[in-house]
$ cat upload_9.cif   # mmCIF, C-alpha atoms
data_protein
#
loop_
_atom_site.label_atom_id
_atom_site.label_comp_id
_atom_site.auth_asym_id
_atom_site.auth_seq_id
_atom_site.Cartn_x
_atom_site.Cartn_y
_atom_site.Cartn_z
CA MET A 1 44.10 -2.10 -19.97
CA LEU A 2 45.17 -5.23 -18.15
CA ALA A 3 47.37 -7.87 -19.75
CA PHE A 4 46.01 -11.44 -19.81
CA HIS A 5 48.77 -12.74 -17.50
CA GLU A 6 48.08 -9.91 -15.03
CA TYR A 7 44.38 -10.75 -15.14
CA HIS A 8 45.20 -14.43 -14.50
CA GLN A 9 47.23 -13.53 -11.40
CA LEU A 10 44.35 -11.34 -10.15
CA SER A 11 41.84 -14.14 -10.67
CA GLN A 12 43.94 -16.51 -8.54
CA SER A 13 44.27 -14.09 -5.62
CA ALA A 14 43.44 -15.27 -2.10
CA HIS A 15 41.44 -12.05 -1.52
CA SER A 16 37.82 -12.08 -2.60
CA GLU A 17 37.93 -8.34 -3.42
CA GLU A 18 40.64 -8.93 -6.03
CA ARG A 19 38.88 -11.99 -7.49
CA GLY A 20 35.69 -9.95 -7.64
CA ARG A 21 37.52 -7.27 -9.59
CA ALA A 22 38.80 -9.96 -11.96
CA ALA A 23 35.29 -11.32 -12.40
CA ARG A 24 33.97 -7.89 -13.40
CA ILE A 25 36.85 -7.38 -15.82
CA ALA A 26 36.24 -10.77 -17.47
CA ALA A 27 32.49 -10.19 -17.68
CA ARG A 28 32.85 -6.75 -19.22
CA ALA A 29 35.48 -7.98 -21.66
CA TYR A 30 33.23 -10.86 -22.74
CA LEU A 31 30.23 -8.58 -23.32
CA GLU A 32 32.25 -6.03 -25.29
CA HIS A 33 34.49 -8.47 -27.17
CA ASP A 34 34.60 -8.35 -30.97
CA GLY A 35 37.97 -10.06 -31.61
CA PRO A 36 39.10 -13.58 -32.52
CA ALA A 37 36.97 -16.59 -31.64
CA ASP A 38 39.65 -18.15 -29.41
CA GLU A 39 39.71 -15.01 -27.24
CA GLN A 40 35.90 -15.15 -27.00
CA ALA A 41 36.06 -18.80 -25.95
CA ALA A 42 38.73 -18.06 -23.32
CA LEU A 43 36.66 -15.21 -21.88
CA TYR A 44 33.54 -17.42 -21.80
CA ALA A 45 35.46 -20.10 -19.92
CA ALA A 46 36.75 -17.45 -17.53
CA VAL A 47 33.33 -16.14 -16.57
CA LEU A 48 32.00 -19.70 -16.14
CA ASN A 49 34.82 -20.46 -13.69
CA TYR A 50 33.55 -17.78 -11.31
CA LEU A 51 30.30 -19.69 -10.80
CA ASP A 52 32.26 -22.05 -8.51
CA ASP A 53 34.02 -19.32 -6.52
CA SER A 54 33.47 -19.78 -2.79
CA SER A 55 32.85 -16.08 -2.18
CA VAL A 56 29.38 -14.60 -2.63
CA LYS A 57 31.05 -11.25 -3.30
CA VAL A 58 32.84 -12.64 -6.35
CA ARG A 59 29.72 -14.23 -7.80
CA ALA A 60 27.78 -11.04 -7.08
CA ALA A 61 30.41 -9.00 -8.95
CA LEU A 62 30.03 -11.28 -11.97
CA ALA A 63 26.22 -11.01 -11.78
CA TYR A 64 26.38 -7.20 -11.50
CA GLU A 65 28.23 -6.86 -14.79
CA MET A 66 26.02 -9.35 -16.65
CA LEU A 67 22.72 -8.32 -15.05
CA ARG A 68 21.00 -6.25 -17.73
CA SER A 69 22.87 -7.28 -20.84
CA PRO A 70 20.96 -8.95 -23.69
CA ASN A 71 24.28 -10.52 -24.74
CA ALA A 72 24.93 -12.38 -21.48
CA PRO A 73 25.13 -16.19 -21.87
CA ARG A 74 21.72 -17.62 -20.92
CA ALA A 75 23.24 -20.71 -19.28
CA LEU A 76 25.41 -18.49 -17.07
CA MET A 77 22.45 -16.30 -16.07
CA PHE A 78 20.26 -19.31 -15.33
CA ALA A 79 22.98 -20.67 -13.04
CA LEU A 80 23.34 -17.31 -11.26
CA ALA A 81 19.56 -17.16 -10.85
CA GLN A 82 19.86 -20.27 -8.66
CA ASP A 83 22.61 -18.76 -6.51
CA GLU A 84 22.09 -17.04 -3.14
CA SER A 85 18.77 -15.17 -2.96
CA ILE A 86 20.41 -11.75 -3.11
CA ILE A 87 22.04 -12.70 -6.43
CA GLY A 88 19.26 -14.86 -7.86
CA ALA A 89 16.52 -12.30 -7.19
CA ALA A 90 18.45 -9.58 -9.03
CA ILE A 91 19.12 -11.84 -12.01
CA VAL A 92 15.50 -12.94 -12.20
CA GLN A 93 14.19 -9.38 -11.98
CA PHE A 94 16.47 -7.74 -14.53
CA SER A 95 18.06 -10.26 -16.91
CA PRO A 96 16.48 -10.03 -20.38
CA VAL A 97 17.95 -13.35 -21.57
CA LEU A 98 15.95 -15.64 -19.28
CA LEU A 99 13.09 -17.44 -21.05
CA ASP A 100 9.61 -18.03 -19.66
CA SER A 101 10.49 -21.70 -19.26
CA ASP A 102 13.55 -20.69 -17.21
CA LEU A 103 11.42 -18.51 -14.94
CA ILE A 104 8.82 -21.25 -14.45
CA ALA A 105 11.57 -23.73 -13.55
CA LEU A 106 12.95 -21.25 -11.01
CA LEU A 107 9.47 -20.58 -9.68
CA ASN A 108 8.86 -24.27 -9.09
CA LYS A 109 11.76 -24.35 -6.62
CA GLY A 110 9.47 -22.55 -4.15
CA ASP A 111 11.63 -19.52 -3.21
CA ASP A 112 9.33 -16.61 -2.26
CA ARG A 113 12.01 -14.03 -3.00
CA ILE A 114 12.44 -15.38 -6.52
CA ALA A 115 8.68 -15.30 -7.04
CA GLU A 116 8.57 -11.64 -5.99
CA ALA A 117 11.46 -10.88 -8.33
CA ILE A 118 9.59 -12.46 -11.25
CA VAL A 119 6.57 -10.26 -10.48
CA SER A 120 8.84 -7.20 -10.63
CA ARG A 121 10.08 -7.91 -14.17
CA SER A 122 9.16 -5.27 -16.73
CA GLN A 123 7.27 -7.80 -18.85
CA ILE A 124 5.54 -11.01 -17.81
CA GLY A 125 3.99 -13.47 -20.23
CA GLU A 126 0.65 -15.19 -19.70
CA ARG A 127 2.33 -18.50 -18.83
CA ILE A 128 4.30 -16.78 -16.09
CA TYR A 129 1.48 -14.95 -14.36
CA THR A 130 -0.73 -18.04 -14.60
CA ALA A 131 1.98 -19.99 -12.78
CA LEU A 132 2.32 -17.19 -10.22
CA PHE A 133 -1.43 -17.19 -9.54
CA ALA A 134 -1.29 -20.95 -9.01
CA LEU A 135 0.87 -20.30 -5.93
CA GLU A 136 -2.18 -18.73 -4.22
CA SER A 137 0.14 -16.35 -2.39
CA ARG A 138 -1.48 -13.16 -1.13
CA ARG A 139 1.76 -11.18 -1.45
CA ILE A 140 2.40 -12.34 -5.03
CA ASP A 141 -1.19 -11.71 -6.13
CA GLU A 142 -1.06 -8.23 -4.61
CA LEU A 143 2.20 -7.38 -6.39
CA LEU A 144 0.82 -8.61 -9.72
CA LEU A 145 -2.38 -6.60 -9.35
CA GLU A 146 -0.47 -3.45 -8.43
CA ASN A 147 1.84 -3.77 -11.46
CA PRO A 148 0.22 -1.70 -14.25
CA ASP A 149 2.43 -3.34 -16.88
CA VAL A 150 0.97 -6.81 -16.26
CA GLU A 151 -1.99 -7.55 -18.53
CA ILE A 152 -4.17 -10.04 -16.67
CA SER A 153 -6.94 -11.91 -18.45
CA ALA A 154 -10.56 -11.32 -17.43
CA ASP A 155 -10.97 -14.94 -16.31
CA LEU A 156 -8.00 -14.74 -13.97
CA LEU A 157 -9.17 -11.42 -12.55
CA ILE A 158 -12.53 -12.98 -11.71
CA GLN A 159 -10.73 -15.93 -10.09
CA LEU A 160 -8.76 -13.47 -7.99
CA CYS A 161 -11.97 -11.71 -6.98
CA ASP A 162 -13.35 -15.06 -5.84
CA ARG A 163 -10.08 -15.88 -4.01
CA TRP A 164 -9.78 -12.59 -2.11
CA CYS A 165 -13.41 -11.41 -1.83
CA ASP A 166 -13.25 -11.75 1.98
CA ASP A 167 -10.06 -9.68 2.27
CA ALA A 168 -10.89 -5.96 2.54
CA SER A 169 -7.41 -4.77 1.55
CA MET A 170 -7.24 -7.02 -1.51
CA ARG A 171 -10.74 -5.94 -2.52
CA GLY A 172 -9.42 -2.38 -2.66
CA VAL A 173 -6.48 -3.44 -4.84
CA LEU A 174 -8.78 -5.36 -7.21
CA LEU A 175 -11.30 -2.52 -7.48
CA GLY A 176 -8.43 -0.17 -8.29
CA ARG A 177 -7.80 -1.98 -11.59
CA GLU A 178 -9.59 -0.34 -14.50
CA ASP A 179 -9.67 -3.65 -16.42
CA LEU A 180 -11.58 -5.50 -13.68
CA PRO A 181 -14.60 -7.21 -15.31
CA VAL A 182 -18.05 -6.13 -14.17
CA ALA A 183 -18.75 -9.64 -12.86
CA GLY A 184 -15.75 -9.29 -10.56
CA ARG A 185 -16.88 -5.86 -9.38
CA PHE A 186 -20.31 -7.27 -8.59
CA LEU A 187 -18.82 -10.14 -6.56
CA LEU A 188 -16.67 -7.75 -4.53
CA THR A 189 -19.59 -5.36 -4.02
CA GLU A 190 -21.71 -8.17 -2.58
CA HIS A 191 -19.04 -9.02 -0.03
CA ILE A 192 -18.51 -5.37 0.86
CA ALA A 193 -22.24 -5.12 1.59
CA ASP A 194 -22.08 -8.26 3.74
CA ASP A 195 -19.14 -6.87 5.72
CA LEU A 196 -20.93 -3.57 6.28
CA MET A 197 -24.02 -5.41 7.46
CA GLY A 198 -21.90 -7.33 9.94
CA ALA A 199 -19.86 -4.39 11.25
CA ARG A 200 -20.64 -3.61 14.91
CA ILE A 201 -20.61 0.13 14.40
CA VAL A 202 -23.19 -0.19 11.62
CA LYS A 203 -25.40 -2.73 13.38
CA GLY A 204 -25.35 -0.60 16.52
CA SER A 205 -26.35 2.56 14.70
CA VAL A 206 -29.17 1.43 12.39
CA GLN A 207 -32.30 -0.57 13.19
CA PRO A 208 -31.93 -4.07 11.62
CA SER A 209 -34.84 -3.99 9.17
CA ARG A 210 -33.93 -0.47 8.04
CA LEU A 211 -30.30 -1.47 7.64
CA ASN A 212 -31.31 -4.48 5.57
CA ARG A 213 -33.48 -2.29 3.35
CA LEU A 214 -30.75 0.32 2.91
CA MET A 215 -28.15 -2.27 1.98
CA ARG A 216 -30.49 -3.99 -0.48
CA ASP A 217 -31.17 -0.67 -2.17
CA GLN A 218 -27.49 0.18 -2.40
CA LEU A 219 -26.66 -3.26 -3.75
CA ASP A 220 -29.40 -2.88 -6.37
CA LYS A 221 -27.87 0.44 -7.42
CA ALA A 222 -24.41 -1.07 -7.66
CA THR A 223 -25.63 -4.16 -9.53
CA THR A 224 -27.56 -2.27 -12.18
CA GLY A 225 -24.94 0.49 -12.43
CA LEU A 226 -22.25 -1.90 -13.64
CA CYS A 227 -23.86 -1.96 -17.11
CA ASP A 228 -23.07 1.53 -18.30
CA GLY A 229 -22.50 3.02 -21.74
CA GLU A 230 -22.84 1.13 -24.98
CA PRO A 231 -23.82 -2.57 -24.75
CA THR A 232 -20.87 -4.95 -24.80
CA VAL A 233 -20.30 -8.69 -24.73
CA GLU A 234 -18.97 -8.26 -21.19
CA HIS A 235 -22.28 -6.68 -20.10
CA TYR A 236 -24.22 -9.54 -21.66
CA ASP A 237 -22.04 -12.16 -19.97
CA TYR A 238 -22.39 -10.36 -16.64
CA VAL A 239 -26.18 -10.31 -16.80
CA GLN A 240 -26.19 -13.92 -17.94
CA ALA A 241 -24.13 -14.80 -14.86
CA LEU A 242 -26.66 -12.98 -12.67
CA TYR A 243 -29.45 -14.99 -14.29
CA GLY A 244 -27.56 -18.25 -13.86
CA SER A 245 -27.12 -17.57 -10.13
CA ASP A 246 -30.81 -16.58 -9.61
CA ARG A 247 -29.90 -12.95 -8.93
CA LEU A 248 -31.83 -11.49 -11.88
CA THR A 249 -35.07 -10.92 -9.98
CA PRO A 250 -38.20 -8.88 -10.85
CA ARG A 251 -37.18 -6.49 -8.07
CA LEU A 252 -33.85 -5.86 -9.82
CA LEU A 253 -35.53 -5.34 -13.20
CA ILE A 254 -38.01 -2.86 -11.74
CA HIS A 255 -35.22 -1.03 -9.95
CA SER A 256 -33.29 -0.72 -13.21
CA ILE A 257 -36.28 1.05 -14.83
CA ILE A 258 -37.02 3.30 -11.86
CA ALA A 259 -33.37 4.31 -11.54
CA GLY A 260 -33.04 4.93 -15.28
CA ARG A 261 -30.48 2.14 -15.75
CA MET A 262 -31.93 1.25 -19.11
CA GLN A 263 -28.84 -0.48 -20.44
CA PHE A 264 -29.09 -3.04 -17.67
CA TYR A 265 -32.83 -3.42 -18.28
CA VAL A 266 -32.42 -3.94 -22.03
CA THR A 267 -29.55 -6.40 -21.61
CA SER A 268 -31.47 -8.34 -18.95
CA LEU A 269 -34.51 -8.74 -21.19
CA ALA A 270 -32.25 -9.78 -24.06
CA VAL A 271 -30.76 -12.52 -21.87
CA LEU A 272 -34.16 -13.69 -20.64
CA SER A 273 -35.82 -13.63 -24.06
CA GLU A 274 -32.75 -14.82 -26.01
CA LEU A 275 -33.33 -12.01 -28.51
CA PRO A 276 -30.75 -9.56 -29.89
CA ILE A 277 -30.22 -6.48 -27.71
CA ARG A 278 -31.02 -4.14 -30.60
CA LYS A 279 -34.40 -5.78 -31.18
CA VAL A 280 -35.28 -5.68 -27.47
CA ASP A 281 -34.28 -2.03 -27.29
CA GLY A 282 -36.52 -1.19 -30.26
CA ILE A 283 -39.53 -2.89 -28.64
CA LEU A 284 -38.98 -1.08 -25.35
CA GLN A 285 -38.54 2.28 -27.04
CA SER A 286 -41.56 2.26 -29.32
CA GLY A 287 -43.31 -1.12 -29.26
CA MET A 288 -47.07 -1.30 -28.74
CA ARG A 289 -48.56 -3.05 -25.70
CA ARG A 290 -48.99 -6.23 -27.70
CA ALA A 291 -45.29 -6.29 -28.61
CA LEU A 292 -44.31 -5.61 -24.99
CA HIS A 293 -46.49 -8.44 -23.73
CA ALA A 294 -45.03 -10.78 -26.33
CA LEU A 295 -41.53 -9.85 -25.20
CA PHE A 296 -42.34 -10.35 -21.52
CA THR A 297 -44.06 -13.65 -22.27
CA ARG A 298 -40.90 -14.82 -24.00
CA CYS A 299 -39.00 -13.77 -20.87
CA GLY A 300 -41.18 -16.12 -18.81
CA PHE A 301 -43.09 -13.49 -16.81
CA GLU A 302 -46.46 -14.38 -15.27
CA PRO A 303 -49.51 -12.42 -16.59
CA SER A 304 -49.70 -10.09 -13.56
CA LEU A 305 -45.99 -9.27 -13.81
CA ARG A 306 -46.29 -8.78 -17.58
CA ASN A 307 -48.99 -6.16 -17.04
CA LEU A 308 -46.94 -4.34 -14.43
CA MET A 309 -43.74 -4.34 -16.51
CA ALA A 310 -45.63 -3.14 -19.60
CA ARG A 311 -47.17 -0.24 -17.66
CA LEU A 312 -43.87 0.70 -16.09
CA THR A 313 -42.02 0.54 -19.42
CA VAL A 314 -44.57 2.82 -21.13
CA MET A 315 -44.55 5.29 -18.20
CA ALA A 316 -40.75 5.44 -18.27
CA ARG A 317 -40.58 6.36 -21.97
CA ASP A 318 -41.44 10.01 -21.45
CA ALA A 319 -39.34 10.60 -18.32
CA ASP A 320 -35.62 10.95 -17.65
CA LEU A 321 -35.66 8.72 -14.61
CA GLU A 322 -31.88 8.59 -14.26
CA ILE A 323 -31.62 12.21 -13.10
CA ASP A 324 -35.19 13.41 -12.51
CA LEU A 325 -36.09 12.47 -8.94
CA ALA A 326 -39.57 13.98 -9.15
CA SER A 327 -40.40 11.93 -12.25
CA ARG A 328 -39.11 8.82 -10.54
CA HIS A 329 -41.38 9.44 -7.56
CA PHE A 330 -44.35 10.18 -9.81
CA VAL A 331 -43.91 6.97 -11.81
CA VAL A 332 -43.67 4.80 -8.69
CA SER A 333 -46.67 6.41 -6.97
CA GLN A 334 -48.78 6.17 -10.13
CA LEU A 335 -47.87 2.52 -10.57
CA ILE A 336 -48.85 1.76 -6.97
CA SER A 337 -52.20 3.53 -7.41
CA THR A 338 -52.86 1.63 -10.64
CA LEU A 339 -52.13 -1.72 -9.01
CA ILE A 340 -54.40 -0.95 -6.05
CA ASP A 341 -57.24 0.13 -8.34
CA GLU A 342 -56.84 -2.76 -10.73
CA HIS A 343 -56.83 -5.42 -8.02
CA GLU A 344 -59.26 -3.55 -5.73
CA GLY A 345 -56.74 -3.51 -2.91
CA GLU A 346 -56.16 -7.29 -3.06
CA ILE A 347 -52.65 -7.53 -4.50
CA PRO A 348 -52.08 -11.06 -5.90
CA ASP A 349 -49.46 -13.27 -4.27
CA SER A 350 -47.34 -13.21 -7.43
CA LEU A 351 -46.91 -9.42 -7.05
CA GLU A 352 -46.67 -9.22 -3.26
CA THR A 353 -42.88 -8.96 -3.18
CA VAL A 354 -42.80 -6.45 -6.04
CA PHE A 355 -45.58 -4.38 -4.49
CA SER A 356 -43.73 -4.29 -1.16
CA TYR A 357 -40.61 -3.10 -2.96
CA LEU A 358 -42.55 -0.36 -4.75
CA ASN A 359 -43.96 0.83 -1.43
CA GLU A 360 -40.44 0.99 0.01
CA GLN A 361 -39.23 2.96 -2.99
CA ASN A 362 -42.21 5.29 -2.79
CA VAL A 363 -41.32 6.22 0.79
CA THR A 364 -37.61 6.54 -0.01
CA LEU A 365 -38.23 8.73 -3.06
CA ALA A 366 -40.75 10.86 -1.17
CA LYS A 367 -38.20 11.50 1.58
CA GLU A 368 -35.51 12.37 -0.95
CA ALA A 369 -37.86 14.76 -2.74
CA ALA A 370 -38.86 16.37 0.57
CA ARG A 371 -35.32 17.21 1.64
CA GLY A 372 -34.80 20.94 1.68
CA VAL A 373 -38.34 21.79 0.60
CA MET A 374 -39.41 23.18 3.98
CA ALA A 375 -36.19 25.11 4.45
CA SER A 376 -36.58 26.65 1.00
CA PHE A 377 -40.23 27.48 1.69
CA CYS A 378 -39.38 29.15 5.02
CA ALA A 379 -36.72 31.26 3.34
CA GLU A 380 -39.13 32.56 0.68
CA VAL A 381 -42.52 32.78 2.44
CA ASP A 382 -44.03 35.96 3.86
CA GLU A 383 -42.75 36.47 7.40
CA THR A 384 -46.28 37.22 8.65
CA LEU A 385 -47.40 33.64 7.96
CA ALA A 386 -47.22 31.29 10.93
CA LEU A 387 -48.09 27.77 12.07
CA PRO A 388 -50.44 27.11 15.00
CA ASP A 389 -48.57 26.15 18.15
CA ALA A 390 -49.32 22.67 19.52
CA PRO A 391 -49.33 22.65 23.34
CA LEU A 392 -48.24 19.55 25.22
CA ARG A 393 -51.01 17.18 26.20
CA ASP A 394 -51.75 16.50 29.83
CA GLU A 395 -52.77 12.86 29.39
CA LEU A 396 -50.28 9.99 29.13
CA LEU A 397 -49.33 9.21 25.56
CA ALA A 398 -49.45 5.75 24.10
CA LEU A 399 -45.91 6.30 22.75
CA PRO A 400 -43.53 6.66 25.69
CA ALA A 401 -40.79 8.05 23.48
CA ALA A 402 -42.99 11.04 22.56
#

$ encode --input "upload_9.cif" --output "structure tokens"
Amino acid sequence: MLAFHEYHQLSQSAHSEERGRAARIAARAYLEHDGPADEQAALYAAVLNYLDDSSVKVRAALAYEMLRSPNAPRALMFALAQDESIIGAAIVQFSPVLLDSDLIALLNKGDDRIAEAIVSRSQIGERIYTALFALESRRIDELLLENPDVEISADLLIQLCDRWCDDASMRGVLLGREDLPVAGRFLLTEHIADDLMGARIVKGSVQPSRLNRLMRDQLDKATTGLCDGEPTVEHYDYVQALYGSDRLTPRLLIHSIIAGRMQFYVTSLAVLSELPIRKVDGILQSGMRRALHALFTRCGFEPSLRNLMARLTVMARDADLEIDLASRHFVVSQLISTLIDEHEGEIPDSLETVFSYLNEQNVTLAKEAARGVMASFCAEVDETLALPDAPLRDELLALPAA
């Protein structure tokens, strides 16, 4: 115990270490005091006096004792939060008595260290993280995204995706959040594809047209794969955003069927037709051709595309296209044959792009189905069977590379 007069002498010392000790004693006494009101008032006045001490060590000692206490005077803590950065940052990060309005006022002073301290608080209200995002600071945004305790709204997450879609490192941080909306994931995926297309190592390794085809296919897979599981409002909004930005193309719809991404297909048709998802799903599952054509007409499809989509939908009903590669290849090849027969080899202009895509998929699926077949056959076939040897030709070949 220290008598009041002894404390007073210590507080008036010329040595900052002794005044710092007095500041800690006064702070602890104030926080633990349960005596008369005049003693409480004297202790409150004592701790306030240390705000004007010339030594940072003294003010830091006062802040250390008050730092985490829910009983610390808010006015005192707000004043300490505006002290030297080493003191202010600690107060801002740990003091439970500071209000959101206090933090916003401190944030508006423009100190980066204070902003980082606010991000590190155990709880941050919506007003606070909205104000932090308004700074458009890469460091602050990264800290907020990496803090699992910060609940960020879907709208702000999408804004962050738009802000940092060209930054590879920030894309990784954003994609690491489980609560990232599908629209944000799609936006980041598009930019990842663009960066891959532009990378020298990729451009130098793959022929341009083949690279373009590969990246389109992968982007189609990513786009349709973002609608997974039970239908949700988020899925509907995502597809509606695709439609509003002219990204919901016939190619994408056909890909969704071929790849077995039926949730994307159903949601897309619901958006286009403005019908409930459940009703669209029922028509696709068991509707007659007339019902399918009515649905596709409502979606705005031309007659030739309506016929193709109806055929493809019916063919897909009896196949598990999501996992059965052979069925996928069969459906595509049958659809191509049907189109050629129906139009006698003269594919209409309205289906030219779709037909080209189906041809690409037919080749891709055939190659995937062929992988390992020959090796498996060679391992199981009778060893006496052989292939005829093909001797080299003497004449010059038209293909120099051969």

$ resolve_selection --input "upload_9.cif" --expression "the PyMOL selection byres ((chain A and resi 293) around 12)" --output "short mmCIF file (atom, residue, chain, number, x, y, z; two decimals) with C-alpha atoms, in the frame of the given file"
data_model
loop_
_atom_site.label_atom_id
_atom_site.label_comp_id
_atom_site.auth_asym_id
_atom_site.auth_seq_id
_atom_site.Cartn_x
_atom_site.Cartn_y
_atom_site.Cartn_z
CA SER A 273 -35.82 -13.63 -24.06
CA ILE A 283 -39.53 -2.89 -28.64
CA LEU A 284 -38.98 -1.08 -25.35
CA GLY A 287 -43.31 -1.12 -29.26
CA MET A 288 -47.07 -1.30 -28.74
CA ARG A 289 -48.56 -3.05 -25.70
CA ARG A 290 -48.99 -6.23 -27.70
CA ALA A 291 -45.29 -6.29 -28.61
CA LEU A 292 -44.31 -5.61 -24.99
CA ALA A 294 -45.03 -10.78 -26.33
CA LEU A 295 -41.53 -9.85 -25.20
CA PHE A 296 -42.34 -10.35 -21.52
CA THR A 297 -44.06 -13.65 -22.27
CA ARG A 298 -40.90 -14.82 -24.00
CA CYS A 299 -39.00 -13.77 -20.87
CA GLY A 300 -41.18 -16.12 -18.81
CA PHE A 301 -43.09 -13.49 -16.81
CA GLU A 302 -46.46 -14.38 -15.27
CA PRO A 303 -49.51 -12.42 -16.59
CA SER A 304 -49.70 -10.09 -13.56
CA LEU A 305 -45.99 -9.27 -13.81
CA ARG A 306 -46.29 -8.78 -17.58
CA ASN A 307 -48.99 -6.16 -17.04
CA LEU A 308 -46.94 -4.34 -14.43
CA MET A 309 -43.74 -4.34 -16.51
CA ALA A 310 -45.63 -3.14 -19.60
CA ARG A 311 -47.17 -0.24 -17.66
CA THR A 313 -42.02 0.54 -19.42
CA VAL A 314 -44.57 2.82 -21.13
#

$ residues_around --input "upload_9.cif" --residues "Ile192 in chain A" --least-positions-apart "6" --cutoff "10 Å" --atoms "all atoms listed in the file" --output "ChimeraX atom specification"
/A:165-168,171,186,198,219

$ write_last_selection --input "upload_9.cif" --atoms "C-alpha atoms" --output "PDB file, keeping the file's coordinate frame"
ATOM      1  CA  CYS A 165     -13.410 -11.410  -1.830  1.00  0.00           C
ATOM      2  CA  ASP A 166     -13.250 -11.750   1.980  1.00  0.00           C
ATOM      3  CA  ASP A 167     -10.060  -9.680   2.270  1.00  0.00           C
ATOM      4  CA  ALA A 168     -10.890  -5.960   2.540  1.00  0.00           C
ATOM      5  CA  ARG A 171     -10.740  -5.940  -2.520  1.00  0.00           C
ATOM      6  CA  PHE A 186     -20.310  -7.270  -8.590  1.00  0.00           C
ATOM      7  CA  GLY A 198     -21.900  -7.330   9.940  1.00  0.00           C
ATOM      8  CA  LEU A 219     -26.660  -3.260  -3.750  1.00  0.00           C
TER       9      LEU A 219
END

$ closest_residue --input "upload_9.cif" --among "A:Leu135, A:Lys279, A:Met262, A:Val271" --to "Ala316 in chain A" --atoms "only C-alpha atoms"
A:Met262

$ atom_distance --input "upload_9.cif" --atom1 "CA of Val182 in chain A" --atom2 "CA of Glu360 in chain A"
27.4 Å

$ residues_around --input "upload_9.cif" --residues "range 127-134 of chain A" --least-positions-apart "5" --cutoff "10 Å" --atoms "all atoms listed in the file" --output "compact mmCIF listing (two decimals) with C-alpha atoms, in the coordinates of the input"
# COMPACT_ATOMS: atom_id res chain seq x y z
CA ASP A 100 9.61 -18.03 -19.66
CA SER A 101 10.49 -21.70 -19.26
CA LEU A 103 11.42 -18.51 -14.94
CA ILE A 104 8.82 -21.25 -14.45
CA LEU A 107 9.47 -20.58 -9.68
CA ASN A 108 8.86 -24.27 -9.09
CA ALA A 115 8.68 -15.30 -7.04
CA GLU A 116 8.57 -11.64 -5.99
CA ILE A 118 9.59 -12.46 -11.25
CA VAL A 119 6.57 -10.26 -10.48
CA ILE A 140 2.40 -12.34 -5.03
CA ASP A 141 -1.19 -11.71 -6.13
CA LEU A 144 0.82 -8.61 -9.72
CA VAL A 150 0.97 -6.81 -16.26
CA GLU A 151 -1.99 -7.55 -18.53
CA ILE A 152 -4.17 -10.04 -16.67
CA SER A 153 -6.94 -11.91 -18.45
CA LEU A 156 -8.00 -14.74 -13.97
CA GLN A 159 -10.73 -15.93 -10.09
CA LEU A 160 -8.76 -13.47 -7.99

$ residues_around --input "upload_9.cif" --residues "range 75-77 of chain A" --least-positions-apart "2" --cutoff "12 Å" --atoms "all atoms listed in the file" --output "CSV table (one decimal) with C-alpha atoms, in the coordinates of the input"
chain,number,residue,atom,x,y,z
A,27,ALA,CA,32.5,-10.2,-17.7
A,44,TYR,CA,33.5,-17.4,-21.8
A,45,ALA,CA,35.5,-20.1,-19.9
A,46,ALA,CA,36.8,-17.4,-17.5
A,47,VAL,CA,33.3,-16.1,-16.6
A,48,LEU,CA,32.0,-19.7,-16.1
A,49,ASN,CA,34.8,-20.5,-13.7
A,50,TYR,CA,33.6,-17.8,-11.3
A,51,LEU,CA,30.3,-19.7,-10.8
A,52,ASP,CA,32.3,-22.0,-8.5
A,59,ARG,CA,29.7,-14.2,-7.8
A,60,ALA,CA,27.8,-11.0,-7.1
A,62,LEU,CA,30.0,-11.3,-12.0
A,63,ALA,CA,26.2,-11.0,-11.8
A,64,TYR,CA,26.4,-7.2,-11.5
A,65,GLU,CA,28.2,-6.9,-14.8
A,66,MET,CA,26.0,-9.4,-16.6
A,67,LEU,CA,22.7,-8.3,-15.0
A,68,ARG,CA,21.0,-6.2,-17.7
A,69,SER,CA,22.9,-7.3,-20.8
A,70,PRO,CA,21.0,-9.0,-23.7
A,71,ASN,CA,24.3,-10.5,-24.7
A,72,ALA,CA,24.9,-12.4,-21.5
A,73,PRO,CA,25.1,-16.2,-21.9
A,79,ALA,CA,23.0,-20.7,-13.0
A,80,LEU,CA,23.3,-17.3,-11.3
A,81,ALA,CA,19.6,-17.2,-10.8
A,82,GLN,CA,19.9,-20.3,-8.7
A,83,ASP,CA,22.6,-18.8,-6.5
A,87,ILE,CA,22.0,-12.7,-6.4
A,88,GLY,CA,19.3,-14.9,-7.9
A,89,ALA,CA,16.5,-12.3,-7.2
A,90,ALA,CA,18.4,-9.6,-9.0
A,91,ILE,CA,19.1,-11.8,-12.0
A,92,VAL,CA,15.5,-12.9,-12.2
A,93,GLN,CA,14.2,-9.4,-12.0
A,94,PHE,CA,16.5,-7.7,-14.5
A,95,SER,CA,18.1,-10.3,-16.9
A,96,PRO,CA,16.5,-10.0,-20.4
A,97,VAL,CA,18.0,-13.4,-21.6
A,98,LEU,CA,16.0,-15.6,-19.3
A,99,LEU,CA,13.1,-17.4,-21.0
A,102,ASP,CA,13.6,-20.7,-17.2
A,103,LEU,CA,11.4,-18.5,-14.9
A,106,LEU,CA,13.0,-21.2,-11.0

$ resolve_selection --input "upload_9.cif" --expression "the PyMOL selection byres ((chain A and resi 236) around 10)" --output "MDAnalysis selection string"
chainID A and resid 227 231:235 237:242 264 266:268 270:271 277

$ residues_near_point --input "upload_9.cif" --point "(-39.2, 10.7, -11.3)" --cutoff "12 Å" --atoms "all atoms listed in the file" --output "PyMOL selection string"
chain A and resi 257-260+315-335+361-362+365-366+368-369
